[in-house]
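Asker: So here's data_13.cif (mmCIF, C-alpha atoms and all ligand atoms; chains and numbers go by the auth columns).
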data_query
#
loop_
_atom_site.group_PDB
_atom_site.id
_atom_site.type_symbol
_atom_site.label_atom_id
_atom_site.label_comp_id
_atom_site.label_asym_id
_atom_site.label_seq_id
_atom_site.Cartn_x
_atom_site.Cartn_y
_atom_site.Cartn_z
_atom_site.B_iso_or_equiv
_atom_site.auth_seq_id
_atom_site.auth_asym_id
ATOM 1 C CA MET A 1 11.349 -50.925 1.894 0.00 1 A
ATOM 2 C CA ILE A 2 12.741 -53.700 -0.302 0.00 2 A
ATOM 3 C CA TYR A 3 14.032 -57.053 0.871 0.00 3 A
ATOM 4 C CA HIS A 4 16.828 -57.951 -1.509 0.00 4 A
ATOM 5 C CA ALA A 5 17.606 -61.598 -2.165 0.00 5 A
ATOM 6 C CA ASN A 6 20.620 -60.822 -4.395 0.00 6 A
ATOM 7 C CA GLN A 7 19.318 -63.156 -7.102 0.00 7 A
ATOM 8 C CA CYS A 8 19.143 -60.634 -9.917 0.00 8 A
ATOM 9 C CA ASP A 9 21.473 -59.080 -12.454 0.00 9 A
ATOM 10 C CA PRO A 10 22.463 -55.863 -10.588 0.00 10 A
ATOM 11 C CA ARG A 11 22.515 -53.861 -13.870 0.00 11 A
ATOM 12 C CA LYS A 12 18.857 -54.695 -14.551 0.00 12 A
ATOM 13 C CA CYS A 13 17.538 -54.712 -10.995 0.00 13 A
ATOM 14 C CA SER A 14 14.886 -52.033 -10.469 0.00 14 A
ATOM 15 C CA GLY A 15 15.077 -52.292 -6.662 0.00 15 A
ATOM 16 C CA LYS A 16 18.817 -51.609 -6.559 0.00 16 A
ATOM 17 C CA LYS A 17 18.367 -48.646 -8.893 0.00 17 A
ATOM 18 C CA LEU A 18 15.741 -47.121 -6.574 0.00 18 A
ATOM 19 C CA ALA A 19 18.134 -47.565 -3.653 0.00 19 A
ATOM 20 C CA ARG A 20 20.895 -45.738 -5.565 0.00 20 A
ATOM 21 C CA PHE A 21 18.518 -42.753 -5.797 0.00 21 A
ATOM 22 C CA ASN A 22 17.673 -43.040 -2.082 0.00 22 A
ATOM 23 C CA LEU A 23 14.035 -43.685 -2.933 0.00 23 A
ATOM 24 C CA VAL A 24 13.794 -46.970 -1.005 0.00 24 A
ATOM 25 C CA ARG A 25 15.608 -48.703 1.812 0.00 25 A
ATOM 26 C CA LEU A 26 17.122 -52.104 1.042 0.00 26 A
ATOM 27 C CA THR A 27 17.285 -54.794 3.689 0.00 27 A
ATOM 28 C CA HIS A 28 18.534 -58.365 3.877 0.00 28 A
ATOM 29 C CA HIS A 29 16.505 -59.037 7.041 0.00 29 A
ATOM 30 C CA ILE A 30 12.974 -60.199 6.371 0.00 30 A
ATOM 31 C CA SER A 31 11.940 -59.215 9.919 0.00 31 A
ATOM 32 C CA GLN A 32 12.335 -55.549 8.918 0.00 32 A
ATOM 33 C CA LEU A 33 9.383 -55.949 6.526 0.00 33 A
ATOM 34 C CA ARG A 34 6.965 -56.867 9.316 0.00 34 A
ATOM 35 C CA PRO A 35 5.533 -53.363 9.923 0.00 35 A
ATOM 36 C CA TYR A 36 4.763 -52.894 6.217 0.00 36 A
ATOM 37 C CA ILE A 37 2.345 -54.237 3.646 0.00 37 A
ATOM 38 C CA VAL A 38 4.393 -56.589 1.494 0.00 38 A
ATOM 39 C CA LEU A 39 3.440 -56.872 -2.170 0.00 39 A
ATOM 40 C CA SER A 40 3.196 -60.546 -3.068 0.00 40 A
ATOM 41 C CA PRO A 41 1.787 -62.020 -6.277 0.00 41 A
ATOM 42 C CA PHE A 42 0.905 -65.130 -4.238 0.00 42 A
ATOM 43 C CA SER A 43 -1.308 -63.449 -1.623 0.00 43 A
ATOM 44 C CA GLU A 44 -5.009 -64.273 -1.606 0.00 44 A
ATOM 45 C CA LYS A 45 -5.929 -60.725 -0.618 0.00 45 A
ATOM 46 C CA ALA A 46 -5.777 -57.837 -3.078 0.00 46 A
ATOM 47 C CA LEU A 47 -4.341 -54.452 -2.131 0.00 47 A
ATOM 48 C CA SER A 48 -7.068 -51.800 -1.921 0.00 48 A
ATOM 49 C CA PRO A 49 -7.608 -48.260 -0.581 0.00 49 A
ATOM 50 C CA GLU A 50 -8.718 -49.960 2.655 0.00 50 A
ATOM 51 C CA ASP A 51 -4.970 -50.475 3.324 0.00 51 A
ATOM 52 C CA LYS A 52 -4.273 -46.727 3.438 0.00 52 A
ATOM 53 C CA GLY A 53 -3.577 -46.794 7.171 0.00 53 A
ATOM 54 C CA ALA A 54 -0.490 -49.008 6.687 0.00 54 A
ATOM 55 C CA ARG A 55 2.957 -47.752 7.708 0.00 55 A
ATOM 56 C CA GLY A 56 4.288 -48.228 4.208 0.00 56 A
ATOM 57 C CA LEU A 57 4.802 -50.599 1.320 0.00 57 A
ATOM 58 C CA ALA A 58 7.453 -53.241 0.807 0.00 58 A
ATOM 59 C CA ALA A 59 8.462 -55.572 -1.997 0.00 59 A
ATOM 60 C CA LEU A 60 10.645 -58.628 -2.156 0.00 60 A
ATOM 61 C CA ASP A 61 13.232 -58.344 -4.881 0.00 61 A
ATOM 62 C CA CYS A 62 14.159 -61.843 -5.994 0.00 62 A
ATOM 63 C CA SER A 63 14.264 -63.743 -9.256 0.00 63 A
ATOM 64 C CA TRP A 64 10.855 -64.771 -10.658 0.00 64 A
ATOM 65 C CA ALA A 65 12.235 -68.305 -10.917 0.00 65 A
ATOM 66 C CA HIS A 66 12.464 -68.499 -7.096 0.00 66 A
ATOM 67 C CA ALA A 67 9.706 -66.062 -6.062 0.00 67 A
ATOM 68 C CA GLU A 68 7.064 -68.593 -4.983 0.00 68 A
ATOM 69 C CA GLU A 69 9.535 -70.528 -2.855 0.00 69 A
ATOM 70 C CA VAL A 70 10.967 -67.319 -1.275 0.00 70 A
ATOM 71 C CA PHE A 71 7.501 -65.995 -0.330 0.00 71 A
ATOM 72 C CA ALA A 72 6.462 -69.396 1.062 0.00 72 A
ATOM 73 C CA ARG A 73 9.247 -69.141 3.670 0.00 73 A
ATOM 74 C CA PHE A 74 7.721 -66.133 5.419 0.00 74 A
ATOM 75 C CA ARG A 75 4.449 -65.062 6.965 0.00 75 A
ATOM 76 C CA LEU A 76 3.997 -61.330 6.393 0.00 76 A
ATOM 77 C CA GLN A 77 1.163 -58.821 5.894 0.00 77 A
ATOM 78 C CA GLU A 78 0.923 -59.654 2.194 0.00 78 A
ATOM 79 C CA ARG A 79 -1.259 -58.225 -0.554 0.00 79 A
ATOM 80 C CA ALA A 80 -1.457 -59.071 -4.245 0.00 80 A
ATOM 81 C CA LEU A 81 -1.786 -56.419 -6.901 0.00 81 A
ATOM 82 C CA PRO A 82 -4.798 -56.800 -9.177 0.00 82 A
ATOM 83 C CA PHE A 83 -4.600 -57.246 -12.968 0.00 83 A
ATOM 84 C CA LEU A 84 -2.058 -54.788 -14.395 0.00 84 A
ATOM 85 C CA VAL A 85 0.277 -55.114 -17.356 0.00 85 A
ATOM 86 C CA ALA A 86 4.068 -54.796 -17.131 0.00 86 A
ATOM 87 C CA ALA A 87 5.879 -52.120 -19.159 0.00 87 A
ATOM 88 C CA ASN A 88 9.436 -53.111 -18.199 0.00 88 A
ATOM 89 C CA PRO A 89 11.639 -54.431 -21.038 0.00 89 A
ATOM 90 C CA VAL A 90 12.035 -57.919 -19.483 0.00 90 A
ATOM 91 C CA ASN A 91 8.334 -58.776 -19.122 0.00 91 A
ATOM 92 C CA TRP A 92 6.718 -56.174 -21.410 0.00 92 A
ATOM 93 C CA GLY A 93 2.986 -56.736 -21.901 0.00 93 A
ATOM 94 C CA LYS A 94 2.741 -59.591 -19.392 0.00 94 A
ATOM 95 C CA PRO A 95 -0.056 -59.306 -16.831 0.00 95 A
ATOM 96 C CA PHE A 96 0.781 -59.591 -13.106 0.00 96 A
ATOM 97 C CA LYS A 97 4.564 -60.029 -13.685 0.00 97 A
ATOM 98 C CA LEU A 98 5.659 -56.576 -12.600 0.00 98 A
ATOM 99 C CA SER A 99 9.139 -55.380 -11.769 0.00 99 A
ATOM 100 C CA THR A 100 9.705 -54.203 -8.221 0.00 100 A
ATOM 101 C CA VAL A 101 9.432 -50.529 -9.172 0.00 101 A
ATOM 102 C CA GLU A 102 6.187 -51.137 -11.112 0.00 102 A
ATOM 103 C CA ALA A 103 4.715 -53.075 -8.197 0.00 103 A
ATOM 104 C CA LEU A 104 5.585 -50.344 -5.688 0.00 104 A
ATOM 105 C CA ALA A 105 4.285 -47.639 -8.057 0.00 105 A
ATOM 106 C CA ALA A 106 0.989 -49.490 -8.588 0.00 106 A
ATOM 107 C CA GLY A 107 0.619 -49.913 -4.838 0.00 107 A
ATOM 108 C CA LEU A 108 1.275 -46.218 -4.260 0.00 108 A
ATOM 109 C CA VAL A 109 -1.389 -45.225 -6.822 0.00 109 A
ATOM 110 C CA ILE A 110 -3.947 -47.561 -5.228 0.00 110 A
ATOM 111 C CA LEU A 111 -3.140 -46.044 -1.824 0.00 111 A
ATOM 112 C CA GLY A 112 -3.644 -42.501 -3.179 0.00 112 A
ATOM 113 C CA GLU A 113 0.049 -41.538 -3.505 0.00 113 A
ATOM 114 C CA LYS A 114 0.256 -40.994 -7.268 0.00 114 A
ATOM 115 C CA SER A 115 3.001 -38.355 -7.128 0.00 115 A
ATOM 116 C CA GLN A 116 5.276 -40.793 -5.254 0.00 116 A
ATOM 117 C CA ALA A 117 4.532 -43.400 -7.925 0.00 117 A
ATOM 118 C CA GLU A 118 5.497 -40.918 -10.657 0.00 118 A
ATOM 119 C CA LEU A 119 8.693 -40.048 -8.802 0.00 119 A
ATOM 120 C CA ILE A 120 9.970 -43.637 -8.527 0.00 120 A
ATOM 121 C CA LEU A 121 9.006 -44.458 -12.127 0.00 121 A
ATOM 122 C CA SER A 122 10.738 -41.298 -13.398 0.00 122 A
ATOM 123 C CA LYS A 123 14.123 -42.996 -12.851 0.00 123 A
ATOM 124 C CA PHE A 124 13.380 -45.497 -15.654 0.00 124 A
ATOM 125 C CA ASN A 125 13.071 -44.409 -19.290 0.00 125 A
ATOM 126 C CA TRP A 126 10.074 -46.749 -19.774 0.00 126 A
ATOM 127 C CA GLY A 127 8.548 -45.825 -16.379 0.00 127 A
ATOM 128 C CA HIS A 128 5.874 -43.408 -17.603 0.00 128 A
ATOM 129 C CA VAL A 129 4.584 -46.112 -20.005 0.00 129 A
ATOM 130 C CA PHE A 130 3.534 -48.258 -17.032 0.00 130 A
ATOM 131 C CA LEU A 131 1.134 -45.555 -15.808 0.00 131 A
ATOM 132 C CA GLU A 132 -0.126 -44.879 -19.351 0.00 132 A
ATOM 133 C CA LEU A 133 -0.770 -48.576 -20.122 0.00 133 A
ATOM 134 C CA ASN A 134 -2.623 -49.088 -16.825 0.00 134 A
ATOM 135 C CA ARG A 135 -4.230 -45.654 -16.388 0.00 135 A
ATOM 136 C CA GLU A 136 -7.863 -46.830 -16.476 0.00 136 A
ATOM 137 C CA PRO A 137 -7.664 -49.889 -14.200 0.00 137 A
ATOM 138 C CA LEU A 138 -5.385 -48.064 -11.757 0.00 138 A
ATOM 139 C CA SER A 139 -7.815 -45.176 -11.369 0.00 139 A
ATOM 140 C CA GLU A 140 -10.692 -47.628 -10.813 0.00 140 A
ATOM 141 C CA TYR A 141 -8.729 -49.652 -8.242 0.00 141 A
ATOM 142 C CA ALA A 142 -7.762 -46.422 -6.434 0.00 142 A
ATOM 143 C CA ALA A 143 -11.444 -45.475 -6.196 0.00 143 A
ATOM 144 C CA ALA A 144 -12.591 -48.899 -4.943 0.00 144 A
ATOM 145 C CA ARG A 145 -13.947 -49.315 -1.427 0.00 145 A
ATOM 146 C CA ASP A 146 -12.211 -52.527 -0.442 0.00 146 A
ATOM 147 C CA SER A 147 -10.358 -55.620 -1.593 0.00 147 A
ATOM 148 C CA ALA A 148 -13.537 -57.378 -2.796 0.00 148 A
ATOM 149 C CA GLU A 149 -14.386 -54.428 -5.028 0.00 149 A
ATOM 150 C CA VAL A 150 -10.826 -54.361 -6.441 0.00 150 A
ATOM 151 C CA VAL A 151 -11.214 -58.062 -7.347 0.00 151 A
ATOM 152 C CA ARG A 152 -14.606 -57.389 -8.981 0.00 152 A
ATOM 153 C CA ILE A 153 -13.065 -54.607 -11.129 0.00 153 A
ATOM 154 C CA GLN A 154 -10.106 -56.847 -11.992 0.00 154 A
ATOM 155 C CA ASN A 155 -12.454 -59.628 -13.137 0.00 155 A
ATOM 156 C CA GLU A 156 -14.204 -57.213 -15.509 0.00 156 A
ATOM 157 C CA TYR A 157 -10.849 -56.308 -17.109 0.00 157 A
ATOM 158 C CA MET A 158 -9.804 -59.941 -17.338 0.00 158 A
ATOM 159 C CA SER A 159 -13.034 -61.016 -19.031 0.00 159 A
ATOM 160 C CA GLU A 160 -12.626 -58.322 -21.738 0.00 160 A
HETATM 161 C C1 LIG B . 9.914 -61.204 -8.284 0.00 1 B
HETATM 162 S S1 LIG B . 10.625 -59.592 -8.084 0.00 1 B
HETATM 163 C C2 LIG B . 11.436 -59.363 -9.636 0.00 1 B
HETATM 164 C C3 LIG B . 12.274 -58.114 -9.586 0.00 1 B
HETATM 165 C C4 LIG B . 12.963 -57.764 -10.874 0.00 1 B
HETATM 166 N N1 LIG B . 14.158 -58.535 -11.003 0.00 1 B
HETATM 167 C C5 LIG B . 13.293 -56.255 -10.908 0.00 1 B
HETATM 168 O O1 LIG B . 14.427 -55.898 -11.172 0.00 1 B
HETATM 169 O O2 LIG B . 12.392 -55.442 -10.678 0.00 1 B
HETATM 170 C C6 LIG B . 9.246 -58.458 -8.222 0.00 1 B
HETATM 171 C C7 LIG B . 8.563 -58.135 -6.903 0.00 1 B
HETATM 172 O O3 LIG B . 7.580 -57.112 -7.138 0.00 1 B
HETATM 173 C C8 LIG B . 6.383 -57.407 -6.426 0.00 1 B
HETATM 174 N N2 LIG B . 5.342 -57.800 -7.417 0.00 1 B
HETATM 175 C C9 LIG B . 5.479 -57.995 -8.748 0.00 1 B
HETATM 176 N N3 LIG B . 4.301 -58.318 -9.329 0.00 1 B
HETATM 177 C C10 LIG B . 3.383 -58.350 -8.332 0.00 1 B
HETATM 178 C C11 LIG B . 1.985 -58.641 -8.272 0.00 1 B
HETATM 179 N N4 LIG B . 1.262 -58.964 -9.360 0.00 1 B
HETATM 180 N N5 LIG B . 1.363 -58.563 -7.049 0.00 1 B
HETATM 181 C C12 LIG B . 2.069 -58.228 -5.931 0.00 1 B
HETATM 182 N N6 LIG B . 3.390 -57.970 -5.927 0.00 1 B
HETATM 183 C C13 LIG B . 4.046 -58.019 -7.106 0.00 1 B
HETATM 184 C C14 LIG B . 6.717 -58.563 -5.479 0.00 1 B
HETATM 185 O O4 LIG B . 7.221 -58.039 -4.260 0.00 1 B
HETATM 186 C C15 LIG B . 7.777 -59.300 -6.286 0.00 1 B
HETATM 187 O O5 LIG B . 8.556 -60.142 -5.481 0.00 1 B
#
Would you give me this structure, written as structure tokens?

Answerer:
Amino acid sequence: MIYHANQCDPRKCSGKKLARFNLVRLTHHISQLRPYIVLSPFSEKALSPEDKGARGLAALDCSWAHAEEVFARFRLQERALPFLVAANPVNWGKPFKLSTVEALAAGLVILGEKSQAELILSKFNWGHVFLELNREPLSEYAAARDSAEVVRIQNEYMSE
């Protein structure tokens, strides 16, 4: 599920593209995200395999310029993704600043749904590069026990 704030260039928006392929549902009602784990770069808790019981994943598609202020307006079941590097053309090589499709794909891998991650990334010509660039950390995060272990693994990558 993706909450869409309509702040992006529709030609470049990865969330809208996923919706065109019927791979996500778009909503303009934040309340519809409540049953799901919402990926937020501002959450203090990291996503981990401990979250596997969740009903599903959600992201909030808005401009990075307004993201902090948009997330601050709501109280949801939020989780941050650990250190991963973007492969999308807008933020290529930047850590943590993932496009919506990269964030959902990373979350799916961490929750043990790698084939779903490959499916959503397959709609983007750079999509496979995201999994290649982050193959090692993603497989370690997916094997972690809980959020604290994900953060410990992340810190090892960040100190390298
Ligand atoms: C700010 S929007 C930008 C969307 C971009 N315009 C696009 O077309 O993909 C990206 C969304 O992906 C998720 N996301 C990105 N990086 C993340 C991170 N490091 N941790 C958690 N969620 C993240 C969040 O839901 C965030 O709001």

Asker: What do you get as a short mmCIF file (atom, residue, chain, number, x, y, z; two decimals) with C-alpha atoms, in the coordinates of the input if you pick all residues at most 6 Å from ligand LIG 1 (chain B), counting only C-alpha atoms and all ligand atoms?

Answerer:
data_model
loop_
_atom_site.label_atom_id
_atom_site.label_comp_id
_atom_site.auth_asym_id
_atom_site.auth_seq_id
_atom_site.Cartn_x
_atom_site.Cartn_y
_atom_site.Cartn_z
CA CYS A 8 19.14 -60.63 -9.92
CA LYS A 12 18.86 -54.70 -14.55
CA CYS A 13 17.54 -54.71 -11.00
CA SER A 14 14.89 -52.03 -10.47
CA GLY A 15 15.08 -52.29 -6.66
CA LEU A 39 3.44 -56.87 -2.17
CA SER A 40 3.20 -60.55 -3.07
CA PRO A 41 1.79 -62.02 -6.28
CA ALA A 59 8.46 -55.57 -2.00
CA LEU A 60 10.64 -58.63 -2.16
CA ASP A 61 13.23 -58.34 -4.88
CA CYS A 62 14.16 -61.84 -5.99
CA SER A 63 14.26 -63.74 -9.26
CA TRP A 64 10.86 -64.77 -10.66
CA ALA A 67 9.71 -66.06 -6.06
CA ALA A 80 -1.46 -59.07 -4.24
CA LEU A 81 -1.79 -56.42 -6.90
CA PHE A 96 0.78 -59.59 -13.11
CA LYS A 97 4.56 -60.03 -13.68
CA LEU A 98 5.66 -56.58 -12.60
CA SER A 99 9.14 -55.38 -11.77
CA THR A 100 9.70 -54.20 -8.22
CA VAL A 101 9.43 -50.53 -9.17
CA ALA A 103 4.72 -53.08 -8.20
#

Asker: Could you tell me how far atom CA of A:Ala5 lies from atom CA of A:Val70, in Å and to one decimal?

Answerer: 8.8 Å

Asker: I need the residue nearest A:Gly53 from this list: A:His66, A:Pro89, A:Gly112, A:Lys94. Use only C-alpha atoms for the distance.

Answerer: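 Checking each candidate against A:Gly53, we get A:Gly112 as the closest.
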
Asker: Can you pull out the residues contacting stretch 135-146 of chain A? Cut-off 8 Å, using all atoms listed in the file, and skip same-chain residues under 3 positions away; I want them as a VMD selection string.

Answerer: chain A and resid 48 to 50 84 106 109 to 112 131 to 132 149 to 150 153 to 154 157

Asker: Could you write out as a PyMOL selection string the residues that the PyMOL selection byres (((chain A and resi 17) around 12) and not hetatm) matches in the shown file?

Answerer: chain A and resi 2+4+9-16+18-26+61+99-101+120-124

Asker: Could you work out how far atom CA of A:Lys114 lies from atom CA of A:Tyr36, giving the answer in Å with one decimal?

Answerer: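 So the answer is 18.5 Å.
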
Asker: Between atom CA of A:Ser147 and atom CA of A:Phe130, measure the distance and give it in Å to one decimal.

Answerer: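 We find that atom CA of A:Ser147 and atom CA of A:Phe130 lie 22.0 Å from each other.
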
Asker: If we count all atoms listed in the file, what is near A:Asn88 at a cut-off of 7 Å, once residues fewer than 3 positions away on the same chain are taken out, given as an MDAnalysis selection string?

Answerer: chainID A and resid 91:92 99 126

Asker: Considering all atoms listed in the file, return as an mmCIF file with C-alpha atoms, in the frame of the given file whatever protein or nucleic-acid residues lie within 9 Å of stretch 73-77 of chain A, sequence-local ones (same chain, fewer than 3 positions apart) excluded.

Answerer:
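Output saved as result_38.cif:
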data_model
loop_
_atom_site.group_PDB
_atom_site.id
_atom_site.type_symbol
_atom_site.label_atom_id
_atom_site.label_comp_id
_atom_site.auth_asym_id
_atom_site.auth_seq_id
_atom_site.Cartn_x
_atom_site.Cartn_y
_atom_site.Cartn_z
ATOM 1 C CA ILE A 30 12.974 -60.199 6.371
ATOM 2 C CA SER A 31 11.940 -59.215 9.919
ATOM 3 C CA LEU A 33 9.383 -55.949 6.526
ATOM 4 C CA ARG A 34 6.965 -56.867 9.316
ATOM 5 C CA PRO A 35 5.533 -53.363 9.923
ATOM 6 C CA TYR A 36 4.763 -52.894 6.217
ATOM 7 C CA ILE A 37 2.345 -54.237 3.646
ATOM 8 C CA VAL A 38 4.393 -56.589 1.494
ATOM 9 C CA LEU A 39 3.440 -56.872 -2.170
ATOM 10 C CA GLU A 68 7.064 -68.593 -4.983
ATOM 11 C CA GLU A 69 9.535 -70.528 -2.855
ATOM 12 C CA VAL A 70 10.967 -67.319 -1.275
#

Asker: For A:Met1, which of A:Ala87, A:Leu104, A:Ala46, A:Ala72 is the closest residue, counting only C-alpha atoms?

Answerer: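 Among the listed residues, A:Leu104 lies closest to A:Met1.
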